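Chemist: My questions all concern the structure below.
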Amino acid sequence: MTAAKYEWQTQTAPAAAEISEVAQALQVPAFLARLLAQRGITSQADYDAFTTPDVARLHDPFALHDMTKAVARIQQAVANQEKITIYGDYDVDGLTSTSIMLETLQSIGAEPEVFIPDRFTDGYGPNAAVYHYLQKSGTQLVITVDNGVSGKAVIDEAMAAGMDVVITDHHELPAELPNAVAVVHPRHPAGDYPFGDLSGAGVAFKVATALLGSVPMESIDLAALGAIADQVSLTDENRIFVQLGLQLIRQQPRPGLAALIKAAGIDANTLDETSVGFGLAPRLNALGRLGDATPGVTLLTTFDDDEATTLATQINDLNAKRQQLVAAITTTAMAMAETPENQARKTLVLAHPDWHEGVLGIVASRIVDATGKPTVVLNISKDGQSAKGSGRSVAAYHLFNAINAVRDQLTAFGGHHMAVGLTVPTASLDQLAAAMEAAAGPLAAVGKPALTIAAAVSASDLTLANYHLLRQLAPFGQGNPEPVFSFLPAQIADVKALGKTGAHLRFQADGLPVIAFGYGAQAGALTAASQAKLAVTLDQNTWRGNSTLQLQLKDWQLQQPELRDMRLPQPSAEQFRAAQTYVFFSARRQAQLTRRFTFGGPSILAKDLPAATDNAVLVDLPRSEAELTATMAKLTPPVGLIFWAEPAELVAQPTRLECGRVLHYLQQHPGFDKHHLAALAQATHVSTLQAIFIVQVFFELGFVTIEGAQITATAAPQKRPLTAATAWQEREAFLALATHLQRDSRAELTARLLPQTKS
């Protein structure tokens, strides 16, 4: 098996008796009982808790560290009509946190202001200049949401100057925390909160619960958005938030979300965690990536349908611009990643002018997905003196630690294991690249990332009914992964590219529709595969009210034949687009086709091939069996076969009658100029190539003499058969070989070209 992105790890199947017990105890089919048992859900109480959300199971908000202090200070500010500013963040978790806090404070009589920092001018977290401005403008209490714990210097100064700060945050805790009025954090070292994986919106929701004295169900949709977008563990409280929040959005969406759902083209009735994660969240994030994110708070909190529609349309348009930027930058960045120098590296530093800084994290993620290499993507400033951007990593490589080794050469730097943001002088880019490469030793010993397979299934298991059963396990995410199944179809059919650029695939596997995002370039590999083992999730496709099952590909293992049949009647650009080595037998044909098409890899003449060349394609026809055999000996399968020739090259051997006409013509025209063979061909009703070939045969047999440019028929030649000429024999053998190479089945070619392989 080949071509898998992941190392498949199939979960141990529970014993048949256990599956039967769970199925009977919970009154569920065996298909679902197996998955529940794998998750440790075997009792009715566990099953009810998992599938039926209940706010009564939410933890006491006052169990959070400093919650009592935070509530007291906020209530004091509200009672005294102090000026309160909510200091948020520009991503979805920050916007939803801000919106929850804003609605809560308004509901208890406050009129807070909102400040969402600008990614490009303010950066993430407390900013000294902004805090000074807030204090000068009369702010008496700052409430941070989704930020604050990393802002000790700024917050300590603000507190010393008389402006109080209440921090609500969930990010990694530094060694020293700010001296704020309160630090509400689920993993505070002095606290003992039972669930440490709340999102920023989750923490804000707990503060809202404490302030209101009851669970603010009207804001649970925002808590759900924050949890999904920030990819926190969808267990414990987060699971309840998301279960109930998605129900609220489906049944009674707030105006802003209803407008954004419509603008995104999402079916509100089937909206789920995937719709939010891939449909709504990127649109809201586009605000902060490309400019001011404050309209995101307005969208989420407005009660005006017209305002909501206007803002949703603007946000949708901005997201389209973001997508275009990401696509354009990714194309350039991938070309840089594929240079010989970068292909030899284990890590990548890609810097370029005129790249939009707001989308470089997305671009870095895509490069990592495509190459498997930790990657930093940077925009070079207009003056060329500095570069600013983002980095993304793989699990086996601690990106923060790698770059931290040259922190003294960086202008700004922050992040964690898997992601960083940084600004670096362009003069120090080489040192940055060297530090990343120096830390790449562990990567050599690391295999592919793991993909957990819940079970191997057959086509009979892949039904819409089972999809609906699986949704009882949703929402899926960190801590509760969506089940992935391995499936070995007997037949793959109707392979088609999707998307404007053909980036995706749709195909049929035993009659079941499969969508494969990002696999467009591998359509040929799937079509050529002798066997395809699929790793899939179950999905639902709804069109005009009719719902059908659709499988979504997560990975595949393709059994590739040793010979890939790429033969077509005429050469096509698709045949030459892949990154392969294209082998030519004819220099003239090489020059002709490389001028005509763009090749995705190098072209080389067969005679110049090094031994053990892999990923090769034979483009044209060899002149002889011996030449083909010698070339195949230098190639490592699989080998692509095109074997193209112009029709004129394959004209049949001339007949005895046609040869006789040519000889008669030459006898009538002694001293015939060989430069006029086209006229001879026309006069004798043969092709020019046939005329040239006949003259070559005649010359070899002594039927004609050639002196300089003059061809003269021999007066009394010795009678010899045409087949006695070596030229005749070679062309006859070539035409026979060409027929086999162009018309034989792949199995027949395998037996011919790779006789040691059983076809």
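How things are named: the first chain in the structure tokens is A, the next is B, and so on; residues count from 1 in each chain; ligands count from 1 in the order shown.
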Find the residues around Leu464 in chain A up to 10 Å (only C-alpha atoms counted), leave out those fewer than 2 positions away in its own chain, and share them as a VMD selection string.
Modeler: chain A and resid 461 to 462 466 to 470 538 to 541 547 to 550
Chemist: Could you pull out all residues of range 581-750 of chain A with a DSSP call of helix (DSSP H, G or I) and give them as an NGL selection string?
Modeler: :A and (587-596 or 606-608 or 625-632 or 647-650 or 656-668 or 674-684 or 688-701 or 722-724 or 726-743 or 746-750)
Chemist: Save the residues we just selected, C-alpha atoms, as an mmCIF file, in the first residue's frame?
Modeler:
```cif
data_model
loop_
_atom_site.group_PDB
_atom_site.id
_atom_site.type_symbol
_atom_site.label_atom_id
_atom_site.label_comp_id
_atom_site.auth_asym_id
_atom_site.auth_seq_id
_atom_site.Cartn_x
_atom_site.Cartn_y
_atom_site.Cartn_z
ATOM 1 C CA ALA A 587 15.733 14.506 -28.831
ATOM 2 C CA ARG A 588 13.532 15.968 -31.562
ATOM 3 C CA ARG A 589 10.374 14.796 -29.807
ATOM 4 C CA GLN A 590 11.716 16.141 -26.499
ATOM 5 C CA ALA A 591 12.249 19.594 -27.999
ATOM 6 C CA GLN A 592 8.845 19.515 -29.675
ATOM 7 C CA LEU A 593 6.796 18.611 -26.584
ATOM 8 C CA THR A 594 8.714 20.686 -24.026
ATOM 9 C CA ARG A 595 8.039 23.739 -26.195
ATOM 10 C CA ARG A 596 4.378 22.844 -26.449
ATOM 11 C CA ALA A 606 16.843 7.765 -22.197
ATOM 12 C CA LYS A 607 20.518 7.429 -23.039
ATOM 13 C CA ASP A 608 21.377 9.880 -20.249
ATOM 14 C CA GLU A 625 13.218 -3.541 -28.130
ATOM 15 C CA ALA A 626 16.846 -3.383 -27.008
ATOM 16 C CA GLU A 627 16.626 0.356 -26.328
ATOM 17 C CA LEU A 628 13.425 -0.156 -24.331
ATOM 18 C CA THR A 629 14.902 -3.010 -22.297
ATOM 19 C CA ALA A 630 18.042 -1.001 -21.488
ATOM 20 C CA THR A 631 15.910 1.953 -20.377
ATOM 21 C CA MET A 632 13.574 -0.128 -18.196
ATOM 22 C CA PRO A 647 0.731 9.314 -36.961
ATOM 23 C CA ALA A 648 3.286 9.818 -39.768
ATOM 24 C CA GLU A 649 5.828 7.840 -37.770
ATOM 25 C CA LEU A 650 3.531 4.822 -37.731
ATOM 26 C CA ARG A 656 6.174 -4.164 -53.098
ATOM 27 C CA LEU A 657 4.111 -2.261 -55.665
ATOM 28 C CA GLU A 658 4.860 1.121 -54.010
ATOM 29 C CA CYS A 659 8.566 0.314 -53.900
ATOM 30 C CA GLY A 660 8.440 -0.660 -57.567
ATOM 31 C CA ARG A 661 6.905 2.715 -58.503
ATOM 32 C CA VAL A 662 9.675 4.574 -56.671
ATOM 33 C CA LEU A 663 12.409 2.511 -58.380
ATOM 34 C CA HIS A 664 10.805 3.039 -61.795
ATOM 35 C CA TYR A 665 10.653 6.798 -61.172
ATOM 36 C CA LEU A 666 14.341 6.913 -60.213
ATOM 37 C CA GLN A 667 15.259 4.912 -63.328
ATOM 38 C CA GLN A 668 13.470 7.570 -65.397
ATOM 39 C CA LYS A 674 17.499 13.994 -52.897
ATOM 40 C CA HIS A 675 16.320 17.379 -51.653
ATOM 41 C CA HIS A 676 13.246 16.917 -53.867
ATOM 42 C CA LEU A 677 12.063 13.634 -52.344
ATOM 43 C CA ALA A 678 8.707 15.229 -51.516
ATOM 44 C CA ALA A 679 8.072 15.614 -55.257
ATOM 45 C CA LEU A 680 9.047 11.971 -55.796
ATOM 46 C CA ALA A 681 6.610 10.946 -53.061
ATOM 47 C CA GLN A 682 3.803 12.900 -54.682
ATOM 48 C CA ALA A 683 4.539 11.426 -58.088
ATOM 49 C CA THR A 684 4.570 7.841 -56.801
ATOM 50 C CA THR A 688 7.490 11.617 -47.903
ATOM 51 C CA LEU A 689 8.657 9.493 -44.967
ATOM 52 C CA GLN A 690 7.916 6.347 -46.970
ATOM 53 C CA ALA A 691 9.869 7.727 -49.926
ATOM 54 C CA ILE A 692 12.871 8.453 -47.685
ATOM 55 C CA PHE A 693 12.641 4.986 -46.163
ATOM 56 C CA ILE A 694 12.396 3.249 -49.589
ATOM 57 C CA VAL A 695 15.486 5.081 -50.827
ATOM 58 C CA GLN A 696 17.360 4.000 -47.667
ATOM 59 C CA VAL A 697 16.403 0.367 -48.343
ATOM 60 C CA PHE A 698 17.345 0.649 -52.030
ATOM 61 C CA PHE A 699 20.714 2.122 -51.146
ATOM 62 C CA GLU A 700 21.437 -0.672 -48.630
ATOM 63 C CA LEU A 701 20.474 -3.347 -51.232
ATOM 64 C CA LEU A 722 13.375 -6.023 -49.624
ATOM 65 C CA THR A 723 13.289 -7.885 -46.334
ATOM 66 C CA ALA A 724 17.020 -8.535 -46.606
ATOM 67 C CA THR A 726 18.563 -4.111 -42.182
ATOM 68 C CA ALA A 727 16.584 -0.856 -42.433
ATOM 69 C CA TRP A 728 13.535 -2.851 -43.521
ATOM 70 C CA GLN A 729 13.914 -5.313 -40.658
ATOM 71 C CA GLU A 730 14.430 -2.564 -38.069
ATOM 72 C CA ARG A 731 11.369 -0.613 -39.190
ATOM 73 C CA GLU A 732 9.255 -3.752 -39.303
ATOM 74 C CA ALA A 733 10.367 -4.528 -35.745
ATOM 75 C CA PHE A 734 9.699 -0.910 -34.692
ATOM 76 C CA LEU A 735 6.149 -0.956 -36.063
ATOM 77 C CA ALA A 736 5.432 -4.260 -34.326
ATOM 78 C CA LEU A 737 6.844 -2.891 -31.056
ATOM 79 C CA ALA A 738 4.823 0.319 -31.454
ATOM 80 C CA THR A 739 1.638 -1.677 -31.932
ATOM 81 C CA HIS A 740 2.250 -3.566 -28.701
ATOM 82 C CA LEU A 741 3.226 -0.483 -26.705
ATOM 83 C CA GLN A 742 0.260 1.560 -27.864
ATOM 84 C CA ARG A 743 -2.452 -1.092 -27.923
ATOM 85 C CA ARG A 746 -1.667 -2.792 -18.908
ATOM 86 C CA ALA A 747 -1.456 -6.440 -17.837
ATOM 87 C CA GLU A 748 0.093 -7.387 -21.180
ATOM 88 C CA LEU A 749 2.573 -4.523 -20.954
ATOM 89 C CA THR A 750 3.485 -5.537 -17.404
#
```
Chemist: Let's see if you can do this: from backbone DSSP, list all strand (DSSP E) residues in range 268-461 of chain A, as an NGL selection string.
Modeler: :A and (348-353 or 375-380 or 386-392 or 412-415 or 419-425 or 450-453 or 455-457)
Chemist: Output the selection as a CSV table (one decimal), in the first residue's frame - C-alpha atoms for each residue.
Modeler:
```
chain,number,residue,atom,x,y,z
A,348,LEU,CA,11.2,26.1,6.0
A,349,VAL,CA,11.6,29.9,6.3
A,350,LEU,CA,9.7,31.5,3.4
A,351,ALA,CA,9.9,35.3,3.2
A,352,HIS,CA,8.5,37.5,0.4
A,353,PRO,CA,7.5,41.2,0.0
A,375,THR,CA,7.3,26.4,8.4
A,376,VAL,CA,7.6,30.1,9.1
A,377,VAL,CA,6.0,32.4,6.5
A,378,LEU,CA,7.0,36.1,6.6
A,379,ASN,CA,6.2,39.4,4.9
A,380,ILE,CA,9.2,41.5,4.1
A,386,SER,CA,12.4,43.5,8.6
A,387,ALA,CA,10.1,40.6,8.1
A,388,LYS,CA,6.9,39.8,10.1
A,389,GLY,CA,4.8,36.7,10.1
A,390,SER,CA,3.7,33.4,11.6
A,391,GLY,CA,5.0,29.9,12.0
A,392,ARG,CA,3.3,26.5,12.3
A,412,ALA,CA,9.4,40.4,18.5
A,413,PHE,CA,8.5,36.8,19.3
A,414,GLY,CA,5.9,34.8,21.0
A,415,GLY,CA,3.9,31.5,20.7
A,419,ALA,CA,2.5,28.1,16.5
A,420,VAL,CA,4.5,31.3,16.7
A,421,GLY,CA,4.4,34.9,15.7
A,422,LEU,CA,7.5,36.9,15.1
A,423,THR,CA,9.3,39.9,13.6
A,424,VAL,CA,12.9,39.5,12.5
A,425,PRO,CA,15.4,41.8,10.8
A,450,ALA,CA,-1.3,8.9,13.5
A,451,LEU,CA,-4.8,8.5,12.2
A,452,THR,CA,-7.1,6.5,14.6
A,453,ILE,CA,-9.4,4.1,12.8
A,455,ALA,CA,-13.3,0.1,12.8
A,456,ALA,CA,-13.1,-1.6,9.4
A,457,VAL,CA,-16.5,-1.5,7.8
```
Chemist: Near Asp197 in chain A, counting only C-alpha atoms, which residues have an atom at most 8 Å away, once you skip same-chain residues fewer than 2 positions from it, shown as a PyMOL selection string?
Modeler: chain A and resi 170+186+195+199+232-233+238
Chemist: Write the residues of the selection above to a file with C-alpha atoms, as a JSON list (two decimals), in the first residue's frame.
Modeler:
```json
[["chain", "number", "residue", "atom", "x", "y", "z"],
["A", 170, "HIS", "CA", -7.64, 30.81, 29.44],
["A", 186, "PRO", "CA", -9.53, 27.77, 34.92],
["A", 195, "PHE", "CA", -12.23, 21.63, 34.23],
["A", 199, "SER", "CA", -12.18, 28.72, 25.97],
["A", 232, "VAL", "CA", -10.61, 23.45, 22.88],
["A", 233, "SER", "CA", -11.50, 20.02, 24.21],
["A", 238, "ASN", "CA", -17.53, 22.65, 26.65]]
```
Chemist: With distances taken over only C-alpha atoms, which of A:Leu105, A:Ile84, A:Leu325, A:Ala725 is nearest to His356 in chain A?
Modeler: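 Among the listed residues, A:Leu325 lies closest to His356 in chain A.
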Chemist: List the spatial neighbours of Ala259 in chain A as a VMD selection string - criterion: any atom at most 7 Å away, only C-alpha atoms, same-chain residues fewer than 4 positions off excluded.
Modeler: chain A and resid 255 263 308 to 309 312
Chemist: Could you check the closest approach to Arg564 in chain A for each of A:Gly123, A:Trp644, A:Thr598, A:Pro637 and tell me which residue wins, using only C-alpha atoms?
Modeler: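 When distances to Arg564 in chain A are compared using only C-alpha atoms, the smallest one comes from A:Pro637.
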Chemist: So which residues touch range 86-95 of chain A within 6 Å, counting only C-alpha atoms, skipping near sequence neighbours fewer than 2 positions away, as a list in words?
Modeler: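 So the residues in contact are Ser97, Thr98, Val114, Phe115, Ile116, Val142, Ile143, Thr144, Val145, Asp146, Gly200, Ala201, Gly226, Asn285, Gly288, Ala293 and Val297 of chain A.
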Chemist: Near Tyr124 in chain A, within 9 Å and counting only C-alpha atoms, which residues show up once chain neighbours fewer than 3 positions away are dropped, as an MDAnalysis selection string?
Modeler: chainID A and resid 89:90 117:119 127 147
Chemist: Any idea what's packed within 9 Å of Phe120 in chain A, counting only C-alpha atoms, ignoring anything in its chain fewer than 4 positions away? Could you give it as an NGL selection string?
Modeler: :A and (289 or 291 or 357-358)
Chemist: If you take only C-alpha atoms and a cut-off of 12 Å, which residues of range 66-94 of chain A touch range 206-217 of chain A, and what are their nearest atom pairs and distances in Å to one decimal, in chain and number order, as a tab-separated table?
Modeler:
```
residue	atom	partner	partner_atom	distance
A:Asp66	CA	A:Val207	CA	10.5
A:Met67	CA	A:Val207	CA	7.2
A:Thr68	CA	A:Ala210	CA	8.4
A:Lys69	CA	A:Val207	CA	11.1
A:Ala70	CA	A:Val207	CA	8.1
A:Val71	CA	A:Leu211	CA	6.0
A:Ala72	CA	A:Leu211	CA	8.9
A:Arg73	CA	A:Leu211	CA	10.7
A:Ile74	CA	A:Leu211	CA	8.4
A:Gln75	CA	A:Leu211	CA	7.8
A:Gln76	CA	A:Leu211	CA	11.6
A:Val78	CA	A:Leu211	CA	11.1
```
Chemist: Tell me, in Å to one decimal, how far CA of Ser219 in chain A is from CA of Val359 in chain A.
Modeler: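 One can read the CA of Ser219 in chain A to CA of Val359 in chain A distance as 29.3 Å.
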Chemist: Closest to Ala395 in chain A among A:Gly441, A:Gly245, A:Gly196, A:Pro449, using only C-alpha atoms?
Modeler: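 Using only C-alpha atoms, the shortest distance to Ala395 in chain A belongs to A:Pro449.
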Chemist: Could you please determine the separation between CA of Ser458 in chain A and CA of Glu21 in chain A in Å, to one decimal place?
Modeler: 23.0 Å
Chemist: For Ala433 in chain A, which residue out of A:Ile108, A:Leu399, A:Leu553, A:Leu605 is the nearest one, using only C-alpha atoms?
Modeler: A:Leu399
